[in-house]
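Each remark here refers to the structure printed beneath this line.
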Amino acid sequence: MAAGTLFYVTQVAPYLTGLAGVHGVLDQSAIAVAEVAETCGLRAERVDDVRRLPNGALREARAVALFTIGETPWSDEQRAALLDGLRTGRLSVLAIHAATDSCYGWDDYGRIVGARFDGHPWTQEVTLDVVEQDHPATRHLGPTWRWHDEVYQFRDLRPDARVLLRVADGELDLSVDGAVPPAFGFPLSWCFTEGDGRVFSTTLGPFAAAYESPAYMAHLGGGLAWTLGDGA
């Protein structure tokens, strides 16, 4: 497997407690991720079942993009390859939308994506504060960005995560069923380093319109570029 490969994992698997839903946008997102990968000099290869990955494939890849739901059936060898590759800087990680809603039975997975999903009580248009305006994933946006999406909340967030986008204060009805506002607010995109490796996460992107949006595509492409070394 070439060193310039990006594996795009779009596997949906049952949760520990029951079945998971399916995102109809996965096929469209795969085309978009392939385009983004190409602009960064990588060749994208979609993976809808990690059990079919050849032995050692993750140890030879340059990046992994995740749009996963439920208990992705990574083998012990694959888990070690993901963590070791990231921590040594050989492997970059791009977490897209529902990647935080995966692998609750794997404690270290939270270190790979940076947060754990805790519901999305809102689907609406919101104003997002662009917290880091000079980051490759956000420098095209200006100080705020108006966007329609599912708004995720999280039960935790890595303390070293650099928040890039967050919901502006006053945008959400906090009285709706399922709302459990965390102390750190509502970040929707962040980045961080794990060892010598880089991770970019965006929870945006469950709807087809995202992959037809130049602003979103630049957000995704800039995030991948950052994981590969563009910008501090």
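Letters for chains follow the order of the structure tokens (A, B, ...), residue numbers begin at 1 for each chain, and ligand numbers begin at 1 in the order shown.
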Who sits within 8 Å of Leu220 (chain A), only C-alpha atoms, same chain under 2 positions skipped, as a count of residues only: 9
Could you give me, as a PyMOL selection string, each residue of region 161-222 of chain A that DSSP assigns to alpha helix (DSSP H) when run on this structure's backbone? chain A and resi 214-222
Give me, as a VMD selection string, all polymer residues having an atom no more than 10 Å from Arg111 (chain A), counting only C-alpha atoms and skipping those fewer than 3 positions away in the same chain. chain A and resid 83 107 to 108 114 to 116 157 to 158 192 to 194 199
Of A:Asp169, A:Asp177, A:Asp101, A:Asp118, the one sitting nearest Glu71 (chain A) when using only C-alpha atoms is A:Asp101
With only C-alpha atoms as the counted atoms, please give the residues lying no more than 10 Å from Phe184 (chain A), apart from itself and same-chain residues fewer than 5 positions off, as a list in words.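 That gives Gln153, Phe154, Arg155, Asp156, Leu157, Pro159 and Arg166 of chain A.
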Preceding selection exported with N, CA and C atoms as a JSON list (two decimals), in the first residue's frame:
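Result went into result_0.json, see below:
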```json
[["chain", "number", "residue", "atom", "x", "y", "z"],
["A", 153, "GLN", "N", -23.59, 18.03, 21.08],
["A", 153, "GLN", "CA", -23.03, 18.33, 22.39],
["A", 153, "GLN", "C", -22.16, 17.14, 22.81],
["A", 154, "PHE", "N", -21.22, 17.40, 23.69],
["A", 154, "PHE", "CA", -20.23, 16.38, 24.05],
["A", 154, "PHE", "C", -20.14, 16.22, 25.56],
["A", 155, "ARG", "N", -19.87, 14.99, 25.96],
["A", 155, "ARG", "CA", -19.73, 14.72, 27.39],
["A", 155, "ARG", "C", -18.34, 15.09, 27.88],
["A", 156, "ASP", "N", -17.39, 15.24, 26.96],
["A", 156, "ASP", "CA", -16.04, 15.64, 27.33],
["A", 156, "ASP", "C", -15.35, 16.23, 26.10],
["A", 157, "LEU", "N", -14.24, 16.87, 26.34],
["A", 157, "LEU", "CA", -13.41, 17.42, 25.27],
["A", 157, "LEU", "C", -11.98, 17.43, 25.79],
["A", 159, "PRO", "N", -8.63, 18.49, 27.01],
["A", 159, "PRO", "CA", -8.26, 19.82, 27.51],
["A", 159, "PRO", "C", -7.25, 20.53, 26.63],
["A", 166, "ARG", "N", -17.11, 27.25, 17.21],
["A", 166, "ARG", "CA", -18.03, 26.98, 18.30],
["A", 166, "ARG", "C", -19.32, 27.74, 18.05]]
```
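Nearest to Asp27 (chain A) of all the residues A:Trp190, A:Trp145, A:Tyr152, A:Phe67 is A:Phe67, counting only C-alpha atoms.
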Please provide as a PyMOL selection string all residues within 8 Å of region 29-34 of chain A, with the sequence filter that same-chain residues fewer than 4 positions apart are discarded (counting only C-alpha atoms). chain A and resi 8+25+38+43-46+208+211+217
I need the residue nearest Leu6 (chain A) from this list: A:Val113, A:Cys40, A:Ala168, A:Ala61. Use only C-alpha atoms for the distance. A:Ala61
For Arg146 (chain A), which of A:Ala161, A:Ala81, A:Ala215, A:Leu42 is the closest residue, counting only C-alpha atoms? A:Ala215
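Across the model, the gap from CA of Val131 (chain A) to CA of Arg87 (chain A) is 25.9 Å.
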Going by DSSP on the backbone, which bits of region 25-109 of chain A are strand (DSSP E)? Write them as a ChimeraX atom specification, please. /A:43-47,63-66,92-96
If you count only C-alpha atoms, which residues fall within 7 Å of Tyr15 (chain A), apart from same-chain ones fewer than 3 positions away, as a list of chain:residue names?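 Counting only C-alpha atoms, the residues come to A:Gly18, A:Leu19, A:Ala20, A:Gly70, A:Glu71.
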Go through A:Arg90, A:His120, A:Arg79, A:Arg198 one by one, measure the shortest atom-to-atom distance of each to Cys103 (chain A) using only C-alpha atoms, and give the residue with the smallest value. A:Arg79
